[in-house]
Amino acid sequence: MQNLFQNTEVAYSLKKTSQIRKSIFLFSLITKGFLVKILSNATLFFLKLGLPIKWLLKATIYEQFCGGASISECSGIIKRMKKKNVFSILDYSIESLETEKDFDNAFEKKLTIIKLSKENDMPFSVFKPTSLGSYKLFKKKSSNEILNDNEKSNWFNIEKRFDRIFEYARKMKVKILVDAEEYEVQNAIDELVLKMMKRYNTGNEAYIYNTVQLYRWDRIEYLNKLIVDRGNFRLGFKLVRGAYMEKERQQAKENDYQSPICKTKEATDNNFNEALRLLFNNIEGVDIFVASHNEHSNYLVLEMMNKHSIENKSNNVWFCQLYGMGDNITFNLSKKGYNVAKILPFGPVKNLIPYLIRRAQENSSVGGQTNRELKYLKKELLRRNN
Ligand SMILES: Cc1cc2nc3c(=O)[nH]c(=O)nc-3n(C[C@H](O)[C@H](O)[C@H](O)COP(=O)(O)OP(=O)(O)OC[C@H]3O[C@@H](n4cnc5c(N)ncnc54)[C@H](O)[C@@H]3O)c2cc1C
């Protein structure tokens with residue numbers, strides 16, 4: 001199995017040679033930091049000025065990492081991936097919402113996506129908690145501050161939106177992944193999702209998965225506690241390393257508290273692998289959703305499945321990568337009959353800028369994704385040219 005992810009013919013069978021060339025060009029720009037700088041510093045400013053930057057983003061980084069502006073624009077990608085046994089998870093990205101009306105609209109959109117997921121045989125849906133309520137309120141709740149009457153009423157609305165989404169998803173038999181966000185809002189998210197798991201994860205499979213960021217040094221203890229205290233319901237966890245490292249470190253420094261992030265990449269990797277071992281040792285009560293582009297972690301999951309005699313198609317273990325990344329893992333796993341999905345972000349270019357900045361930053365960091373992606377893309381191009 002140790003060479004499974006090397007097969008680039010399988011990895012890129014859905015890509016035309018021209019698309020592979022374009023991806024190589026794009027990832028090369030990201031490595032040089034060029035696109036990252038444009039995205040991080042100037043994009044919103046250019047958009048406000050009405051400069052025609054949208055088409056440039058759409059033809060480059062957006063096309064690499066996003067499915068399209070609407071669900072119908074994504075339908076070709078969804079069908080092609082499905083033919084390779086890879087399920088799409090539609091992710092309608094909108095960040096920085098503020099009014100109750102915005103949150104109600106976002107809530108309605110989630111229900112529509114769940115319905116469409118059911119109709120199009122997509123077993124999962126995903127959402128970002130702060131798209132259903134104010135970031136400031138999640139932050140206040142996370143730090144156990146007393147809420148005023150207005151905030152109490154808004155928090156009640158958040159709980160109601162969560163509950164109705166999970167109730168509907170359970171009815172439709174669509175599983176829900178709840179994204180993890182910044183440290184300062186995560187306590188409130190964790191508490192709320194746990195409450196919902198108790199309510200809706202009552203059968204043999206989890207319908208709700210909370211996301212656990214293993215770049216946080218306190219998460220093994222957190223997982224352990226949940227497993228030990230677990231009552232009569234199933235736990236569902238989506239494991240990630242974490243996407244907000246620089247911001248978290250900066251925030252901790254500015255506000256003079258201990259950084260929640262592991263000191264080194266190695267410590268994060270050890271945490272991730274430790275979490276996998278812990279969950280597999282408790283698989284009778286836990287469903288695992290492995291969300292990573294790290295080959296070693298994915299190989300470790302295969303090893304664990306083998307050790308615990310878990311079938312490739314068992315519903316208790318899922319693999320997932322982001323659209324535009326880690327195709328060597330996604331398509332080689334699906335070919336072997338494992339459960340695999342891709343998160344497929346969609347929506348107008350403007351909405352997706354914070355998401356694209358995170359992807360560009362993580363791909364530009366030294367030792368990050370880009371070398372991996374470039375290595376495989378170039379290998380495939382060479383193979384096709386020979
Ligand atoms: C399907 C999917 C869903 C995701 N959902 C979320 C989500 O809900 N919330 C979220 O926060 N992220 C999410 N992510 C992003 C994820 O957290 C990672 O940023 C990304 O996947 C890169 O990590 P990796 O495991 O793929 O691989 P790797 O490339 O092996 O790991 C890179 C990661 O390691 C960590 N790291 C790097 N350098 C250091 C260092 N010096 N010290 C400590 N740690 C370091 C960082 O987390 C960095 O992102 C998701 C990713 C996927 C694939």
# chains A, B, ... in the order shown; residues from 1 in each chain; ligands from 1

$ residues_near_ligand --ligand "ligand 1" --cutoff "7 Å" --atoms "only C-alpha atoms and all ligand atoms" --output "JSON list (two decimals) with N, CA and C atoms, in the first residue's frame"
[["chain", "number", "residue", "atom", "x", "y", "z"],
["A", 178, "VAL", "N", -19.57, 19.89, 10.68],
["A", 178, "VAL", "CA", -19.53, 21.27, 11.17],
["A", 178, "VAL", "C", -18.06, 21.71, 11.17],
["A", 179, "ASP", "N", -17.75, 22.74, 10.42],
["A", 179, "ASP", "CA", -16.37, 23.21, 10.34],
["A", 179, "ASP", "C", -15.86, 23.75, 11.67],
["A", 180, "ALA", "N", -14.55, 23.66, 11.86],
["A", 180, "ALA", "CA", -13.92, 24.29, 13.03],
["A", 180, "ALA", "C", -13.40, 25.65, 12.60],
["A", 181, "GLU", "N", -13.42, 26.60, 13.54],
["A", 181, "GLU", "CA", -12.99, 27.96, 13.21],
["A", 181, "GLU", "C", -11.91, 28.44, 14.19],
["A", 211, "THR", "N", -15.66, 19.17, 13.99],
["A", 211, "THR", "CA", -14.28, 19.18, 13.48],
["A", 211, "THR", "C", -13.30, 19.43, 14.62],
["A", 213, "GLN", "N", -9.34, 20.29, 15.47],
["A", 213, "GLN", "CA", -8.09, 20.80, 14.88],
["A", 213, "GLN", "C", -6.90, 20.30, 15.69],
["A", 215, "TYR", "N", -3.79, 20.89, 15.31],
["A", 215, "TYR", "CA", -2.67, 21.78, 15.59],
["A", 215, "TYR", "C", -2.83, 22.39, 16.97],
["A", 240, "VAL", "N", -8.85, 17.43, 11.36],
["A", 240, "VAL", "CA", -8.02, 18.28, 10.49],
["A", 240, "VAL", "C", -6.81, 18.74, 11.29],
["A", 241, "ARG", "N", -5.82, 19.30, 10.59],
["A", 241, "ARG", "CA", -4.71, 19.89, 11.34],
["A", 241, "ARG", "C", -5.08, 21.30, 11.79],
["A", 242, "GLY", "N", -5.69, 22.09, 10.90],
["A", 242, "GLY", "CA", -6.11, 23.44, 11.29],
["A", 242, "GLY", "C", -5.62, 24.48, 10.31],
["A", 243, "ALA", "N", -6.49, 25.45, 10.00],
["A", 243, "ALA", "CA", -6.21, 26.37, 8.90],
["A", 243, "ALA", "C", -5.86, 27.79, 9.33],
["A", 244, "TYR", "N", -5.83, 28.07, 10.64],
["A", 244, "TYR", "CA", -5.68, 29.48, 11.05],
["A", 244, "TYR", "C", -4.40, 29.70, 11.86],
["A", 245, "MET", "N", -3.36, 28.93, 11.57],
["A", 245, "MET", "CA", -2.18, 28.93, 12.44],
["A", 245, "MET", "C", -1.55, 30.31, 12.66],
["A", 261, "ILE", "N", -1.68, 26.78, 19.69],
["A", 261, "ILE", "CA", -1.13, 25.95, 18.60],
["A", 261, "ILE", "C", 0.14, 25.23, 19.05],
["A", 262, "CYS", "N", 0.30, 23.99, 18.59],
["A", 262, "CYS", "CA", 1.52, 23.23, 18.87],
["A", 262, "CYS", "C", 2.74, 24.03, 18.42],
["A", 263, "LYS", "N", 3.85, 23.82, 19.12],
["A", 263, "LYS", "CA", 5.03, 24.64, 18.81],
["A", 263, "LYS", "C", 5.65, 24.30, 17.45],
["A", 264, "THR", "N", 5.56, 23.04, 17.04],
["A", 264, "THR", "CA", 6.20, 22.64, 15.78],
["A", 264, "THR", "C", 5.23, 21.83, 14.91],
["A", 265, "LYS", "N", 5.60, 21.71, 13.64],
["A", 265, "LYS", "CA", 4.81, 20.89, 12.72],
["A", 265, "LYS", "C", 4.84, 19.44, 13.19],
["A", 267, "ALA", "N", 5.03, 18.30, 16.17],
["A", 267, "ALA", "CA", 4.10, 18.11, 17.30],
["A", 267, "ALA", "C", 2.65, 18.02, 16.78],
["A", 268, "THR", "N", 2.31, 18.85, 15.77],
["A", 268, "THR", "CA", 0.97, 18.76, 15.17],
["A", 268, "THR", "C", 0.76, 17.38, 14.52],
["A", 291, "ALA", "N", -9.82, 14.33, 7.22],
["A", 291, "ALA", "CA", -9.75, 15.43, 6.25],
["A", 291, "ALA", "C", -8.31, 15.94, 6.19],
["A", 292, "SER", "N", -7.54, 15.33, 5.29],
["A", 292, "SER", "CA", -6.12, 15.70, 5.24],
["A", 292, "SER", "C", -5.52, 15.39, 3.87],
["A", 293, "HIS", "N", -4.51, 16.19, 3.51],
["A", 293, "HIS", "CA", -3.76, 15.93, 2.28],
["A", 293, "HIS", "C", -2.40, 15.31, 2.61],
["A", 294, "ASN", "N", -2.21, 14.99, 3.87],
["A", 294, "ASN", "CA", -0.92, 14.44, 4.31],
["A", 294, "ASN", "C", -0.91, 12.93, 4.04],
["A", 320, "CYS", "N", -11.41, 12.53, 3.00],
["A", 320, "CYS", "CA", -11.83, 13.70, 2.22],
["A", 320, "CYS", "C", -10.66, 14.66, 1.97],
["A", 321, "GLN", "N", -10.64, 15.20, 0.77],
["A", 321, "GLN", "CA", -9.69, 16.27, 0.44],
["A", 321, "GLN", "C", -10.48, 17.45, -0.12],
["A", 322, "LEU", "N", -9.81, 18.59, -0.21],
["A", 322, "LEU", "CA", -10.45, 19.77, -0.78],
["A", 322, "LEU", "C", -10.34, 19.71, -2.30],
["A", 342, "LYS", "N", -14.90, 14.90, -1.81],
["A", 342, "LYS", "CA", -14.16, 16.16, -2.00],
["A", 342, "LYS", "C", -15.06, 17.30, -1.55],
["A", 343, "ILE", "N", -14.53, 18.22, -0.77],
["A", 343, "ILE", "CA", -15.28, 19.44, -0.46],
["A", 343, "ILE", "C", -15.24, 20.31, -1.71],
["A", 362, "GLU", "N", -1.73, 28.42, 2.68],
["A", 362, "GLU", "CA", -1.21, 27.11, 3.12],
["A", 362, "GLU", "C", -0.40, 26.46, 2.02],
["A", 368, "GLY", "N", 4.95, 23.22, 2.65],
["A", 368, "GLY", "CA", 3.49, 23.06, 2.59],
["A", 368, "GLY", "C", 3.09, 22.16, 1.43],
["A", 369, "GLN", "N", 1.87, 22.38, 1.00],
["A", 369, "GLN", "CA", 1.28, 21.53, -0.02],
["A", 369, "GLN", "C", 1.94, 21.61, -1.39]]

$ residues_around --residues "stretch 99-111 of chain A" --least-positions-apart "4" --cutoff "8 Å" --atoms "only C-alpha atoms" --output "VMD selection string"
chain A and resid 115 127 131 to 134 154 161 165 168

$ residues_around --residues "A:Ser259" --least-positions-apart "5" --cutoff "8 Å" --atoms "only C-alpha atoms" --output "list in words"
Glu248, Arg249, Ala252 and Lys253 of chain A

$ closest_residue --among "A:His308, A:Asn224, A:Asn204, A:Asn339" --to "A:Met122" --atoms "only C-alpha atoms"
A:Asn339

$ atom_distance --atom1 "atom CA of A:Lys195" --atom2 "atom CA of A:Ile283"
20.5 Å

$ residues_around --residues "A:Val185" --least-positions-apart "2" --cutoff "12 Å" --atoms "only C-alpha atoms" --output "mmCIF file with C-alpha atoms, in the first residue's frame"
data_model
loop_
_atom_site.group_PDB
_atom_site.id
_atom_site.type_symbol
_atom_site.label_atom_id
_atom_site.label_comp_id
_atom_site.auth_asym_id
_atom_site.auth_seq_id
_atom_site.Cartn_x
_atom_site.Cartn_y
_atom_site.Cartn_z
ATOM 1 C CA LYS A 128 -19.348 27.011 8.981
ATOM 2 C CA PRO A 129 -20.975 27.805 12.351
ATOM 3 C CA THR A 130 -20.428 31.574 12.124
ATOM 4 C CA GLY A 133 -24.785 33.641 13.866
ATOM 5 C CA SER A 134 -22.578 36.552 14.755
ATOM 6 C CA TYR A 135 -18.854 35.888 15.184
ATOM 7 C CA LYS A 136 -18.838 38.353 18.113
ATOM 8 C CA LEU A 137 -21.592 36.415 19.848
ATOM 9 C CA PHE A 138 -19.808 33.058 19.392
ATOM 10 C CA LYS A 139 -16.729 34.732 20.864
ATOM 11 C CA LYS A 140 -18.591 36.114 23.862
ATOM 12 C CA LYS A 141 -20.313 32.802 24.527
ATOM 13 C CA SER A 142 -16.960 30.981 24.215
ATOM 14 C CA SER A 143 -15.405 33.111 26.935
ATOM 15 C CA ASN A 144 -18.388 32.559 29.271
ATOM 16 C CA ASP A 179 -16.366 23.211 10.336
ATOM 17 C CA ALA A 180 -13.919 24.293 13.031
ATOM 18 C CA GLU A 181 -12.988 27.963 13.207
ATOM 19 C CA GLU A 182 -10.792 30.291 15.265
ATOM 20 C CA TYR A 183 -9.867 29.371 18.840
ATOM 21 C CA ASN A 187 -15.696 26.591 22.727
ATOM 22 C CA ALA A 188 -19.218 27.716 21.952
ATOM 23 C CA ILE A 189 -19.232 25.706 18.714
ATOM 24 C CA ASP A 190 -17.989 22.569 20.499
ATOM 25 C CA GLU A 191 -20.630 22.816 23.224
ATOM 26 C CA LEU A 192 -23.460 23.415 20.808
ATOM 27 C CA GLU A 248 -3.897 32.239 16.103
#

$ closest_residue --among "A:Leu344, A:Lys160, A:Ala169, A:Arg358" --to "A:Cys74" --atoms "only C-alpha atoms"
A:Leu344

$ atom_distance --atom1 "atom CA of A:Ile77" --atom2 "atom CA of A:Tyr355"
19.4 Å

$ closest_residue --among "A:Phe331, A:Phe289, A:Phe346, A:Phe162" --to "A:Glu73" --atoms "only C-alpha atoms"
A:Phe346

$ select_by_dssp --residues "stretch 110-319 of chain A" --states "strand (DSSP E)" --output "PDB file with N, CA and C atoms, in the first residue's frame"
ATOM      1  N   PHE A 124     -23.036  13.826   2.262  1.00  0.00           N
ATOM      2  CA  PHE A 124     -22.663  14.803   3.298  1.00  0.00           C
ATOM      3  C   PHE A 124     -22.998  16.233   2.879  1.00  0.00           C
ATOM      4  N   SER A 125     -23.184  17.067   3.908  1.00  0.00           N
ATOM      5  CA  SER A 125     -23.246  18.512   3.691  1.00  0.00           C
ATOM      6  C   SER A 125     -22.366  19.146   4.771  1.00  0.00           C
ATOM      7  N   VAL A 126     -21.994  20.403   4.570  1.00  0.00           N
ATOM      8  CA  VAL A 126     -21.040  21.016   5.495  1.00  0.00           C
ATOM      9  C   VAL A 126     -21.464  22.450   5.775  1.00  0.00           C
ATOM     10  N   PHE A 127     -21.165  22.954   6.976  1.00  0.00           N
ATOM     11  CA  PHE A 127     -21.352  24.397   7.169  1.00  0.00           C
ATOM     12  C   PHE A 127     -20.391  24.959   8.199  1.00  0.00           C
ATOM     13  N   LYS A 175     -25.584  13.466   6.111  1.00  0.00           N
ATOM     14  CA  LYS A 175     -24.746  13.709   7.285  1.00  0.00           C
ATOM     15  C   LYS A 175     -24.162  15.125   7.237  1.00  0.00           C
ATOM     16  N   ILE A 176     -23.954  15.699   8.418  1.00  0.00           N
ATOM     17  CA  ILE A 176     -23.498  17.096   8.448  1.00  0.00           C
ATOM     18  C   ILE A 176     -22.121  17.216   9.105  1.00  0.00           C
ATOM     19  N   LEU A 177     -21.218  17.892   8.398  1.00  0.00           N
ATOM     20  CA  LEU A 177     -19.898  18.212   8.961  1.00  0.00           C
ATOM     21  C   LEU A 177     -19.941  19.663   9.430  1.00  0.00           C
ATOM     22  N   VAL A 178     -19.574  19.886  10.678  1.00  0.00           N
ATOM     23  CA  VAL A 178     -19.528  21.268  11.169  1.00  0.00           C
ATOM     24  C   VAL A 178     -18.062  21.712  11.173  1.00  0.00           C
ATOM     25  N   ILE A 208     -23.964  13.785  12.750  1.00  0.00           N
ATOM     26  CA  ILE A 208     -23.294  15.069  12.975  1.00  0.00           C
ATOM     27  C   ILE A 208     -21.828  14.806  13.325  1.00  0.00           C
ATOM     28  N   TYR A 209     -20.943  15.489  12.610  1.00  0.00           N
ATOM     29  CA  TYR A 209     -19.506  15.387  12.900  1.00  0.00           C
ATOM     30  C   TYR A 209     -19.000  16.761  13.312  1.00  0.00           C
ATOM     31  N   ASN A 210     -18.340  16.832  14.461  1.00  0.00           N
ATOM     32  CA  ASN A 210     -17.677  18.085  14.813  1.00  0.00           C
ATOM     33  C   ASN A 210     -16.223  18.013  14.319  1.00  0.00           C
ATOM     34  N   THR A 211     -15.657  19.170  13.991  1.00  0.00           N
ATOM     35  CA  THR A 211     -14.285  19.175  13.484  1.00  0.00           C
ATOM     36  C   THR A 211     -13.302  19.431  14.621  1.00  0.00           C
ATOM     37  N   VAL A 212     -12.241  18.625  14.643  1.00  0.00           N
ATOM     38  CA  VAL A 212     -11.218  18.768  15.684  1.00  0.00           C
ATOM     39  C   VAL A 212      -9.904  19.165  15.020  1.00  0.00           C
ATOM     40  N   GLN A 213      -9.344  20.294  15.475  1.00  0.00           N
ATOM     41  CA  GLN A 213      -8.094  20.804  14.878  1.00  0.00           C
ATOM     42  C   GLN A 213      -6.904  20.300  15.691  1.00  0.00           C
ATOM     43  N   LEU A 235     -20.384   9.402  18.635  1.00  0.00           N
ATOM     44  CA  LEU A 235     -19.581  10.604  18.388  1.00  0.00           C
ATOM     45  C   LEU A 235     -19.153  10.593  16.926  1.00  0.00           C
ATOM     46  N   GLY A 236     -19.133  11.772  16.305  1.00  0.00           N
ATOM     47  CA  GLY A 236     -18.617  11.874  14.937  1.00  0.00           C
ATOM     48  C   GLY A 236     -17.550  12.960  14.926  1.00  0.00           C
ATOM     49  N   PHE A 237     -16.367  12.633  14.411  1.00  0.00           N
ATOM     50  CA  PHE A 237     -15.301  13.637  14.371  1.00  0.00           C
ATOM     51  C   PHE A 237     -14.687  13.737  12.988  1.00  0.00           C
ATOM     52  N   LYS A 238     -14.583  14.964  12.530  1.00  0.00           N
ATOM     53  CA  LYS A 238     -13.789  15.243  11.328  1.00  0.00           C
ATOM     54  C   LYS A 238     -12.436  15.736  11.844  1.00  0.00           C
ATOM     55  N   LEU A 239     -11.380  15.036  11.470  1.00  0.00           N
ATOM     56  CA  LEU A 239     -10.048  15.421  11.955  1.00  0.00           C
ATOM     57  C   LEU A 239      -9.322  16.274  10.923  1.00  0.00           C
ATOM     58  N   VAL A 240      -8.846  17.432  11.356  1.00  0.00           N
ATOM     59  CA  VAL A 240      -8.020  18.285  10.486  1.00  0.00           C
ATOM     60  C   VAL A 240      -6.807  18.740  11.293  1.00  0.00           C
ATOM     61  N   VAL A 286     -17.505   5.567  17.721  1.00  0.00           N
ATOM     62  CA  VAL A 286     -17.061   6.795  17.044  1.00  0.00           C
ATOM     63  C   VAL A 286     -17.033   6.616  15.530  1.00  0.00           C
ATOM     64  N   ASP A 287     -17.475   7.642  14.786  1.00  0.00           N
ATOM     65  CA  ASP A 287     -17.294   7.655  13.328  1.00  0.00           C
ATOM     66  C   ASP A 287     -16.205   8.668  12.986  1.00  0.00           C
ATOM     67  N   ILE A 288     -15.366   8.296  12.017  1.00  0.00           N
ATOM     68  CA  ILE A 288     -14.168   9.102  11.740  1.00  0.00           C
ATOM     69  C   ILE A 288     -14.213   9.628  10.311  1.00  0.00           C
ATOM     70  N   PHE A 289     -13.931  10.908  10.180  1.00  0.00           N
ATOM     71  CA  PHE A 289     -13.876  11.551   8.868  1.00  0.00           C
ATOM     72  C   PHE A 289     -12.493  12.193   8.772  1.00  0.00           C
ATOM     73  N   VAL A 290     -11.635  11.598   7.948  1.00  0.00           N
ATOM     74  CA  VAL A 290     -10.232  12.041   7.900  1.00  0.00           C
ATOM     75  C   VAL A 290     -10.084  13.098   6.805  1.00  0.00           C
ATOM     76  N   ALA A 291      -9.818  14.331   7.218  1.00  0.00           N
ATOM     77  CA  ALA A 291      -9.747  15.434   6.254  1.00  0.00           C
ATOM     78  C   ALA A 291      -8.309  15.937   6.185  1.00  0.00           C
ATOM     79  N   VAL A 317     -15.870   5.071   8.452  1.00  0.00           N
ATOM     80  CA  VAL A 317     -14.620   5.778   8.119  1.00  0.00           C
ATOM     81  C   VAL A 317     -14.730   6.403   6.736  1.00  0.00           C
ATOM     82  N   TRP A 318     -14.502   7.706   6.693  1.00  0.00           N
ATOM     83  CA  TRP A 318     -14.516   8.446   5.423  1.00  0.00           C
ATOM     84  C   TRP A 318     -13.209   9.219   5.253  1.00  0.00           C
ATOM     85  N   PHE A 319     -12.817   9.383   3.988  1.00  0.00           N
ATOM     86  CA  PHE A 319     -11.640  10.202   3.652  1.00  0.00           C
ATOM     87  C   PHE A 319     -12.139  11.413   2.872  1.00  0.00           C
TER      88      PHE A 319
END

$ closest_residue --among "A:Ala11, A:Leu57, A:Leu382, A:Leu26" --to "A:Ile353" --atoms "only C-alpha atoms"
A:Leu57

$ residues_around --residues "A:Lys16" --least-positions-apart "6" --cutoff "12 Å" --atoms "only C-alpha atoms" --output "number ranges by chain"
A: 9, 22-23, 377, 380-381, 384

$ atom_distance --atom1 "atom CA of A:Met197" --atom2 "atom CA of A:Ile220"
19.1 Å
